[in-house]
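Content type PDB, C-alpha atoms, from the file target39.pdb:
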ATOM      1  CA  MET A 247     135.177  94.830 147.047
ATOM      2  CA  LYS A 248     137.945  97.084 145.768
ATOM      3  CA  GLU A 249     136.989  99.442 142.946
ATOM      4  CA  LEU A 250     139.632 100.904 140.632
ATOM      5  CA  LEU A 251     139.009 103.533 137.971
ATOM      6  CA  THR A 252     141.373 103.769 134.996
ATOM      7  CA  LEU A 253     141.423 107.095 133.128
ATOM      8  CA  ASN A 254     143.244 108.314 130.046
ATOM      9  CA  ILE A 255     143.999 111.869 131.166
ATOM     10  CA  ARG A 256     144.680 114.381 128.396
ATOM     11  CA  TYR A 257     148.302 115.474 128.548
ATOM     12  CA  LYS A 258     147.537 119.201 128.568
ATOM     13  CA  TYR A 259     145.898 118.710 131.992
ATOM     14  CA  PHE A 260     148.798 116.728 133.393
ATOM     15  CA  SER A 261     149.540 119.447 135.981
ATOM     16  CA  LEU A 262     146.123 118.948 137.597
ATOM     17  CA  ILE A 263     146.879 115.336 138.529
ATOM     18  CA  PRO A 264     148.720 114.566 141.810
ATOM     19  CA  ARG A 265     152.273 113.454 141.055
ATOM     20  CA  ASP A 266     152.055 110.731 143.710
ATOM     21  CA  LEU A 267     149.166 109.186 141.794
ATOM     22  CA  ILE A 268     150.908 109.223 138.426
ATOM     23  CA  GLY A 269     154.202 107.747 139.616
ATOM     24  CA  ASN A 270     155.776 105.730 136.818
ATOM     25  CA  GLN A 271     152.567 104.969 134.948
ATOM     26  CA  CYS A 272     152.638 104.931 131.163
ATOM     27  CA  GLY A 273     152.035 107.839 128.824
ATOM     28  CA  GLU A 274     154.110 110.440 130.641
ATOM     29  CA  SER A 275     155.191 112.336 127.526
ATOM     30  CA  GLU A 276     153.661 115.104 125.469
ATOM     31  CA  SER A 277     153.888 113.057 122.279
ATOM     32  CA  SER A 278     151.562 110.413 123.729
ATOM     33  CA  SER A 279     148.772 113.027 124.230
ATOM     34  CA  ILE A 280     147.376 111.063 127.203
ATOM     35  CA  ILE A 281     148.481 109.884 130.624
ATOM     36  CA  LYS A 282     146.961 106.643 131.840
ATOM     37  CA  ILE A 283     146.270 106.558 135.565
ATOM     38  CA  GLU A 284     144.532 104.143 137.923
ATOM     39  CA  VAL A 285     142.881 105.371 141.107
ATOM     40  CA  ASP A 286     141.193 103.556 143.987
ATOM     41  CA  THR A 287     137.741 105.152 144.290
ATOM     42  CA  SER A 288     137.917 104.917 148.099
ATOM     43  CA  SER A 289     141.170 106.927 148.273
ATOM     44  CA  SER A 290     141.712 110.663 148.720
ATOM     45  CA  PHE A 291     143.213 110.738 145.219
ATOM     46  CA  TYR A 292     139.729 110.052 143.842
ATOM     47  CA  ASP A 293     138.513 113.355 145.310
ATOM     48  CA  ASP A 294     141.521 115.093 143.728
ATOM     49  CA  ILE A 295     140.543 113.742 140.298
ATOM     50  CA  LEU A 296     136.922 114.771 140.903
ATOM     51  CA  LYS A 297     138.012 118.336 141.681
ATOM     52  CA  ALA A 298     140.160 118.429 138.530
ATOM     53  CA  ASP A 299     137.217 117.166 136.472
ATOM     54  CA  LEU A 300     134.935 119.836 137.949
ATOM     55  CA  PHE A 301     137.466 122.551 137.094
ATOM     56  CA  VAL A 302     138.038 121.423 133.514
ATOM     57  CA  ARG A 303     134.342 120.954 132.730
ATOM     58  CA  ASP A 304     132.967 124.020 134.516
ATOM     59  CA  LYS A 305     135.753 126.554 134.004
ATOM     60  CA  LEU A 306     137.430 125.426 130.784
ATOM     61  CA  LYS A 307     134.406 123.791 129.110
ATOM     62  CA  ASP A 308     136.576 120.844 128.149
ATOM     63  CA  ASP A 309     137.181 117.172 129.002
ATOM     64  CA  LEU A 310     139.826 116.070 131.501
ATOM     65  CA  PHE A 311     139.906 112.520 130.119
ATOM     66  CA  TRP A 312     138.826 110.670 126.990
ATOM     67  CA  TRP A 313     138.591 107.003 127.982
ATOM     68  CA  TRP A 314     137.709 105.341 131.257
ATOM     69  CA  LYS A 315     137.004 101.923 132.714
ATOM     70  CA  TYR A 316     136.048 100.524 136.108
ATOM     71  CA  LYS A 317     137.664  97.387 137.520
ATOM     72  CA  ARG A 318     136.143  95.725 140.572
ATOM     73  CA  ILE A 319     138.095  93.148 142.576
ATOM     74  CA  TYR A 320     136.213  90.781 144.882
ATOM     75  CA  SER A 321     137.244  88.512 147.719
ATOM     76  CA  ALA A 322     136.722  84.757 147.516
ATOM     77  CA  ILE A 323     133.922  85.025 150.089
ATOM     78  CA  GLU A 324     132.121  87.730 148.106
ATOM     79  CA  LEU A 325     132.319  85.617 144.956
ATOM     80  CA  SER A 326     131.079  82.473 146.666
ATOM     81  CA  ASN A 327     128.105  84.305 148.239
ATOM     82  CA  ALA A 328     126.933  86.000 145.041
ATOM     83  CA  ARG A 329     123.541  84.965 143.618
ATOM     84  CA  LEU A 330     124.080  86.707 140.293
ATOM     85  CA  PHE A 331     126.849  88.029 138.043
ATOM     86  CA  LYS A 332     126.882  90.734 135.405
ATOM     87  CA  MET A 333     128.433  89.542 132.138
ATOM     88  CA  SER A 334     130.231  91.743 129.625
ATOM     89  CA  VAL A 335     131.337  90.853 126.121
ATOM     90  CA  ARG A 336     134.952  91.927 125.782
ATOM     91  CA  LYS A 337     135.237  92.441 122.010
ATOM     92  CA  PHE A 338     133.169  94.644 119.679
ATOM     93  CA  TYR A 339     133.556  94.778 115.917
ATOM     94  CA  GLU A 340     132.183  96.231 112.705
ATOM     95  CA  PRO A 341     130.201  95.931 110.512
ATOM     96  CA  CYS A 342     126.913  95.452 112.325
ATOM     97  CA  GLY A 343     124.000  93.464 110.948
ATOM     98  CA  LYS A 344     122.161  96.548 109.669
ATOM     99  CA  ASP A 345     125.084  97.188 107.329
ATOM    100  CA  CYS A 346     124.873  93.675 105.916
ATOM    101  CA  GLY A 347     121.173  93.134 105.278
ATOM    102  CA  THR A 348     119.794  92.088 108.676
ATOM    103  CA  VAL A 349     116.157  93.219 108.877
ATOM    104  CA  TYR A 350     114.696  95.052 111.876
ATOM    105  CA  ASP A 351     111.151  96.037 112.841
ATOM    106  CA  TYR A 352     110.956  99.662 114.005
ATOM    107  CA  SER A 353     107.193  99.884 114.479
ATOM    108  CA  ASN A 354     107.366  99.925 118.286
ATOM    109  CA  LEU A 355     110.231 102.384 118.784
ATOM    110  CA  CYS A 356     109.976 104.714 121.765
ATOM    111  CA  ASP A 357     109.269 108.176 120.370
ATOM    112  CA  ILE A 358     111.766 109.729 122.790
ATOM    113  CA  CYS A 359     114.832 107.481 123.123
ATOM    114  CA  LYS A 360     114.238 105.294 120.022
ATOM    115  CA  SER A 361     114.625 102.024 121.935
ATOM    116  CA  GLY A 362     112.465  99.035 121.044
ATOM    117  CA  GLU A 363     113.743  97.875 117.662
ATOM    118  CA  ARG A 364     113.329  94.143 117.026
ATOM    119  CA  GLN A 365     115.395  91.874 114.797
ATOM    120  CA  VAL A 366     113.079  89.931 112.454
ATOM    121  CA  SER A 367     115.540  88.146 110.149
ATOM    122  CA  PRO A 368     118.627  85.982 110.610
ATOM    123  CA  LEU A 369     121.845  87.852 111.264
ATOM    124  CA  TYR A 370     123.777  88.711 108.109
ATOM    125  CA  THR A 371     127.430  89.682 108.232
ATOM    126  CA  ARG A 372     130.494  89.883 106.003
ATOM    127  CA  LYS A 373     133.448  87.553 105.866
ATOM    128  CA  GLY A 374     135.941  88.245 108.636
ATOM    129  CA  ASN A 375     137.720  86.819 111.666
ATOM    130  CA  TYR A 376     135.268  88.266 114.168
ATOM    131  CA  LEU A 377     135.921  85.908 117.055
ATOM    132  CA  ASN A 378     139.718  85.860 116.658
ATOM    133  CA  ASN A 379     140.392  82.995 119.103
ATOM    134  CA  ARG A 380     137.461  84.010 121.312
ATOM    135  CA  ASP A 381     134.128  82.281 121.844
ATOM    136  CA  VAL A 382     132.001  85.439 121.873
ATOM    137  CA  ALA A 383     132.024  88.898 120.293
ATOM    138  CA  SER A 384     129.469  91.622 119.608
ATOM    139  CA  THR A 385     128.830  94.017 116.762
ATOM    140  CA  ILE A 386     128.560  97.724 117.551
ATOM    141  CA  GLY A 387     124.818  97.168 117.043
ATOM    142  CA  ASN A 388     124.846  94.705 119.985
ATOM    143  CA  GLU A 389     124.310  91.566 117.931
ATOM    144  CA  ILE A 390     126.222  88.868 119.829
ATOM    145  CA  VAL A 391     127.910  86.032 117.932
ATOM    146  CA  VAL A 392     129.368  82.900 119.525
ATOM    147  CA  SER A 393     131.520  80.004 118.423
ATOM    148  CA  LYS A 394     130.365  76.472 117.691
ATOM    149  CA  ARG A 395     132.388  75.473 120.757
ATOM    150  CA  PHE A 396     130.229  77.764 122.927
ATOM    151  CA  VAL A 397     127.010  76.281 121.521
ATOM    152  CA  GLU A 398     128.217  72.767 122.331
ATOM    153  CA  PHE A 399     129.315  73.925 125.797
ATOM    154  CA  VAL A 400     125.820  75.285 126.538
ATOM    155  CA  LYS A 401     124.083  72.112 125.347
ATOM    156  CA  ASN A 402     126.435  69.769 127.183
ATOM    157  CA  ASN A 403     125.930  71.622 130.469
ATOM    158  CA  LEU A 404     122.158  72.123 130.094
ATOM    159  CA  LEU A 405     122.331  75.886 130.602
ATOM    160  CA  HIS A 406     118.961  77.654 130.451
ATOM    161  CA  GLY A 407     117.804  81.123 129.407
ATOM    162  CA  PHE A 408     118.960  81.530 125.804
ATOM    163  CA  THR A 409     119.105  79.873 122.416
ATOM    164  CA  PHE A 410     121.018  80.364 119.165
ATOM    165  CA  GLY A 411     120.127  81.741 115.764
ATOM    166  CA  PRO A 412     121.726  81.281 112.336
ATOM    167  CA  VAL A 413     124.387  83.610 110.972
ATOM    168  CA  TYR A 414     124.844  84.168 107.238
ATOM    169  CA  VAL A 415     128.274  85.222 106.014
ATOM    170  CA  GLY A 416     127.327  86.903 102.778
ATOM    171  CA  LYS A 417     124.704  84.530 101.381
ATOM    172  CA  ARG A 418     126.180  81.387 102.917
ATOM    173  CA  LEU A 419     124.912  79.904 106.189
ATOM    174  CA  SER A 420     127.842  79.651 108.608
ATOM    175  CA  ALA A 421     128.586  76.366 110.349
ATOM    176  CA  ASP A 422     131.077  77.988 112.718
ATOM    177  CA  ILE A 423     129.384  81.044 114.260
ATOM    178  CA  PHE A 424     125.903  81.529 115.692
ATOM    179  CA  GLN A 425     123.903  84.419 117.117
ATOM    180  CA  LEU A 426     123.182  84.391 120.838
ATOM    181  CA  MET A 427     119.424  84.881 121.178
ATOM    182  CA  ILE A 428     117.638  85.947 124.355
ATOM    183  CA  GLN A 429     114.697  83.818 125.509
ATOM    184  CA  GLY A 430     113.027  86.597 127.466
ATOM    185  CA  CYS A 431     114.061  86.084 131.094
ATOM    186  CA  GLU A 432     114.311  89.751 132.099
ATOM    187  CA  LEU A 433     115.427  91.448 135.317
ATOM    188  CA  ASP A 434     114.573  94.949 136.535
ATOM    189  CA  PHE A 435     117.261  97.319 137.736
ATOM    190  CA  SER A 436     116.901  98.578 141.281
ATOM    191  CA  GLU A 437     117.020 102.287 142.106
ATOM    192  CA  LYS A 438     120.409 101.629 143.744
ATOM    193  CA  SER A 439     122.049 101.241 140.314
ATOM    194  CA  VAL A 440     123.738 104.438 139.142
ATOM    195  CA  PHE A 441     123.745 105.524 135.492
ATOM    196  CA  GLY A 442     125.447 108.402 133.711
ATOM    197  CA  VAL A 443     127.526 109.452 130.743
ATOM    198  CA  LYS A 444     130.876 109.050 132.483
ATOM    199  CA  PRO A 445     132.453 108.988 135.967
ATOM    200  CA  PHE A 446     131.702 111.950 138.260
ATOM    201  CA  ASP A 447     128.413 112.783 136.481
ATOM    202  CA  TYR A 448     126.476 111.369 139.433
ATOM    203  CA  SER A 449     128.558 113.003 142.146
ATOM    204  CA  GLU A 450     126.708 115.152 144.662
ATOM    205  CA  LYS A 451     129.437 117.720 144.001
ATOM    206  CA  TYR A 452     128.583 117.767 140.298
ATOM    207  CA  LYS A 453     124.877 118.120 139.544
ATOM    208  CA  ARG A 454     125.023 118.821 135.810
ATOM    209  CA  VAL A 455     125.363 115.850 133.445
ATOM    210  CA  SER A 456     127.417 116.446 130.311
ATOM    211  CA  GLU A 457     125.540 115.530 127.110
ATOM    212  CA  PRO A 458     127.823 116.217 124.124
ATOM    213  CA  PHE A 459     125.268 115.128 121.515
ATOM    214  CA  ILE A 460     121.971 116.965 121.978
ATOM    215  CA  GLU A 461     120.069 114.515 119.787
ATOM    216  CA  GLU A 462     121.018 111.576 121.984
ATOM    217  CA  VAL A 463     118.543 110.870 124.778
ATOM    218  CA  TYR A 464     120.436 109.121 127.550
ATOM    219  CA  LYS A 465     117.719 108.782 130.182
ATOM    220  CA  CYS A 466     114.227 108.174 128.882
ATOM    221  CA  PRO A 467     111.400 109.627 131.026
ATOM    222  CA  LYS A 468     109.325 106.572 130.106
ATOM    223  CA  GLY A 469     111.887 104.314 131.770
ATOM    224  CA  ASP A 470     112.907 102.410 128.634
ATOM    225  CA  ASN A 471     116.528 103.592 128.684
ATOM    226  CA  LEU A 472     118.241 104.404 131.986
ATOM    227  CA  GLY A 473     121.402 106.202 130.876
ATOM    228  CA  ALA A 474     124.449 106.112 128.656
ATOM    229  CA  ASN A 475     126.418 103.795 130.961
ATOM    230  CA  LEU A 476     126.075 101.801 134.160
ATOM    231  CA  LEU A 477     128.542 103.530 136.490
ATOM    232  CA  SER A 478     128.015 101.541 139.677
ATOM    233  CA  GLU A 479     127.782  97.844 140.341
ATOM    234  CA  ALA A 480     124.518  96.389 139.054
ATOM    235  CA  TYR A 481     121.613  96.138 141.498
ATOM    236  CA  VAL A 482     118.554  94.207 140.321
ATOM    237  CA  LYS A 483     115.231  93.434 141.944
ATOM    238  CA  ASP A 484     114.724  89.957 143.345
ATOM    239  CA  CYS A 485     112.375  87.551 141.574
ATOM    240  CA  ASP A 486     111.687  83.807 141.431
ATOM    241  CA  ASN A 487     113.415  83.380 138.057
ATOM    242  CA  ILE A 488     116.852  84.265 139.405
ATOM    243  CA  ASP A 489     117.215  80.806 140.936
ATOM    244  CA  LYS A 490     115.651  78.973 137.970
ATOM    245  CA  TYR A 491     117.685  80.166 134.975
ATOM    246  CA  ASP A 492     121.338  80.593 134.051
ATOM    247  CA  PHE A 493     121.151  83.562 131.687
ATOM    248  CA  PHE A 494     119.237  86.861 131.941
ATOM    249  CA  ILE A 495     119.022  90.310 130.420
ATOM    250  CA  SER A 496     117.917  93.601 131.926
ATOM    251  CA  ARG A 497     114.432  94.705 130.970
ATOM    252  CA  GLN A 498     115.668  98.278 130.613
ATOM    253  CA  THR A 499     118.456  99.306 128.257
ATOM    254  CA  ILE A 500     121.516 101.538 128.517
ATOM    255  CA  GLY A 501     123.370 103.440 125.808
ATOM    256  CA  PHE A 502     121.949 105.668 123.112
ATOM    257  CA  TYR A 503     120.612 105.553 119.574
ATOM    258  CA  ARG A 504     122.785 107.027 116.830
ATOM    259  CA  GLY A 505     122.707 105.567 113.327
ATOM    260  CA  LEU A 506     123.986 101.998 113.463
ATOM    261  CA  ILE A 507     124.567 102.160 117.221
ATOM    262  CA  ASN A 508     121.636 101.443 119.491
ATOM    263  CA  GLN A 509     120.811 100.799 123.129
ATOM    264  CA  ARG A 510     121.760  97.502 124.712
ATOM    265  CA  HIS A 511     120.433  95.235 127.429
ATOM    266  CA  VAL A 512     122.788  94.308 130.242
ATOM    267  CA  LEU A 513     123.636  90.594 130.476
ATOM    268  CA  PHE A 514     123.567  88.529 133.676
ATOM    269  CA  CYS A 515     124.296  84.909 134.545
ATOM    270  CA  SER A 516     124.043  82.447 137.402
ATOM    271  CA  PRO A 517     127.060  81.526 139.564
ATOM    272  CA  ARG A 518     126.891  78.067 137.993
ATOM    273  CA  MET A 519     127.222  79.438 134.472
ATOM    274  CA  ARG A 520     130.121  81.711 135.432
ATOM    275  CA  LYS A 521     131.988  78.812 137.064
ATOM    276  CA  LEU A 522     131.441  76.558 134.046
ATOM    277  CA  ILE A 523     132.667  79.281 131.679
ATOM    278  CA  ILE A 524     135.839  79.747 133.722
ATOM    279  CA  ASP A 525     136.443  76.010 134.219
ATOM    280  CA  ASN A 526     135.947  75.274 130.504
ATOM    281  CA  LYS A 527     138.090  78.249 129.433
ATOM    282  CA  ILE A 528     135.326  79.873 127.388
ATOM    283  CA  ARG A 529     136.953  83.046 126.087
ATOM    284  CA  GLY A 530     135.563  86.557 125.690
ATOM    285  CA  PHE A 531     133.443  87.296 128.786
ATOM    286  CA  ASP A 532     134.179  89.468 131.811
ATOM    287  CA  PHE A 533     132.255  89.161 135.078
ATOM    288  CA  GLU A 534     131.478  91.155 138.185
ATOM    289  CA  ILE A 535     129.022  90.622 141.013
ATOM    290  CA  ALA A 536     125.446  91.837 140.534
ATOM    291  CA  HIS A 537     123.504  92.505 143.727
ATOM    292  CA  VAL A 538     119.973  91.131 144.170
ATOM    293  CA  VAL A 539     117.861  93.454 146.361
TER
END
Please express what this file holds, its structure, as C-alpha cells.
Amino acid sequence: MKELLTLNIRYKYFSLIPRDLIGNQCGESESSSIIKIEVDTSSSFYDDILKADLFVRDKLKDDLFWWWKYKRIYSAIELSNARLFKMSVRKFYEPCGKDCGTVYDYSNLCDICKSGERQVSPLYTRKGNYLNNRDVASTIGNEIVVSKRFVEFVKNNLLHGFTFGPVYVGKRLSADIFQLMIQGCELDFSEKSVFGVKPFDYSEKYKRVSEPFIEEVYKCPKGDNLGANLLSEAYVKDCDNIDKYDFFISRQTIGFYRGLINQRHVLFCSPRMRKLIIDNKIRGFDFEIAHVV
C-alpha cells in the first residue's frame, strides 16, 4: 500500500516547505493564499512537513495547513485478498434533515460527547438536486440519500445489511430518492486504528492534540466516540457476521457534535458489494481496504 497525504499549506508558511516537494504543484502564488502539496508518508519529506507543523503549532500558535486528505493506493493482490472495505460517501450537502422537520429522539444522548441521537421520523428535505448525477450523497447531519437506481441495484443483486426509508421533499413523498437505513450489523474498531483531529496529532513527536473548539468532545471516555477523524487505515475486530453480510457500520462513531453536525458511523462493505458497485458504475462512493484483526 502506498499512502499519500494532500495538504493545503497556507502561503505565509511557504518557506517552511522543501522546494523539491513543491515543484510545479498548483497554488504557488500569494494571491491563492494556499499551496497544495502531496507527500508520500513513507518519504523523508513527510518528516520535514511534520517538523514544520510542530514549529507552527508550538512556536507560532497557528496552523500550517487548512485542508487535508489521505489517498491510499493498493496493489491488485492486496485488493483481491481483502475481506472488508471501508466505504466513504463522496458528496455532502445542506440542508440536513433537522433543518427540514425530521424528528430525532435525544433521550439516550451520551452526557459527555452527545452521541446517541436516533431518527424517529421519515427524512424530510427541501427541493434540490442533491445527487447531481450521483447515486449517493449525505447531508452534513450524516443522513444518506440514494437514487432509485441504487435501490434497484441492491435488490437485483440481493445485497444484505441495509434497507431504505422514505424521503419527503417538502410535504411530497419522493419517488426518486430514498434514505439508506442501517439494519444493525455493527463492527468494533480495533486498537490499531488511529484517531485524531488532523494529521500529525498522533505522532510520537507531537503529544499534544489540538482542540480548537473547547466544547467539542472528540474522544469520549465512555468509548462512544473515538475521535474527530480516522487518520489511519481502518482496523476492525473479526466476527462471524463479516462473511455473512454485505454492508456494515462501526459500532463507535467519529466526529463531533455541534448544532446540526453530529457524529457519524463509519461504513464498510464486502468485497462482493464493492465489485458490484464498480462493475455497475454506481456513482458516489470511495473505497479503501479495511483490515480484519
Exercise for the section: Run through the PyMOL selection byres ((chain A and resi 385) around 8) on the given coordinates and return the selected residues as an NGL selection string. Expected result: :A and (338-343 or 383-384 or 386-390)
Problem - Hits from the PyMOL selection byres ((chain A and resi 247-260) around 7), listed as number ranges by chain - result: A: 261-263, 276, 279-287, 310-321
Practice task
Within 10 Å of Phe514 of chain A, counting only C-alpha atoms, which residues show up once you throw out same-chain ones fewer than 5 positions away? Write them as a PyMOL selection string, please.
Solution key: chain A and resi 330-334+432-433+480+488+492-496+519-520+533-536
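Coordinates place atom CA of His406 of chain A at a distance of 28.7 Å from atom CA of Gly473 of chain A.
Residues matched by the PyMOL selection byres ((chain A and resi 346) around 12) in this structure: Glu340, Pro341, Cys342, Gly343, Lys344, Asp345, Gly347, Thr348, Val349, Tyr350, Ser367, Pro368, Leu369, Tyr370, Thr371, Arg372, Lys373, Thr385, Gly387, Val413, Tyr414, Val415, Gly416, Lys417 and Leu506 of chain A.
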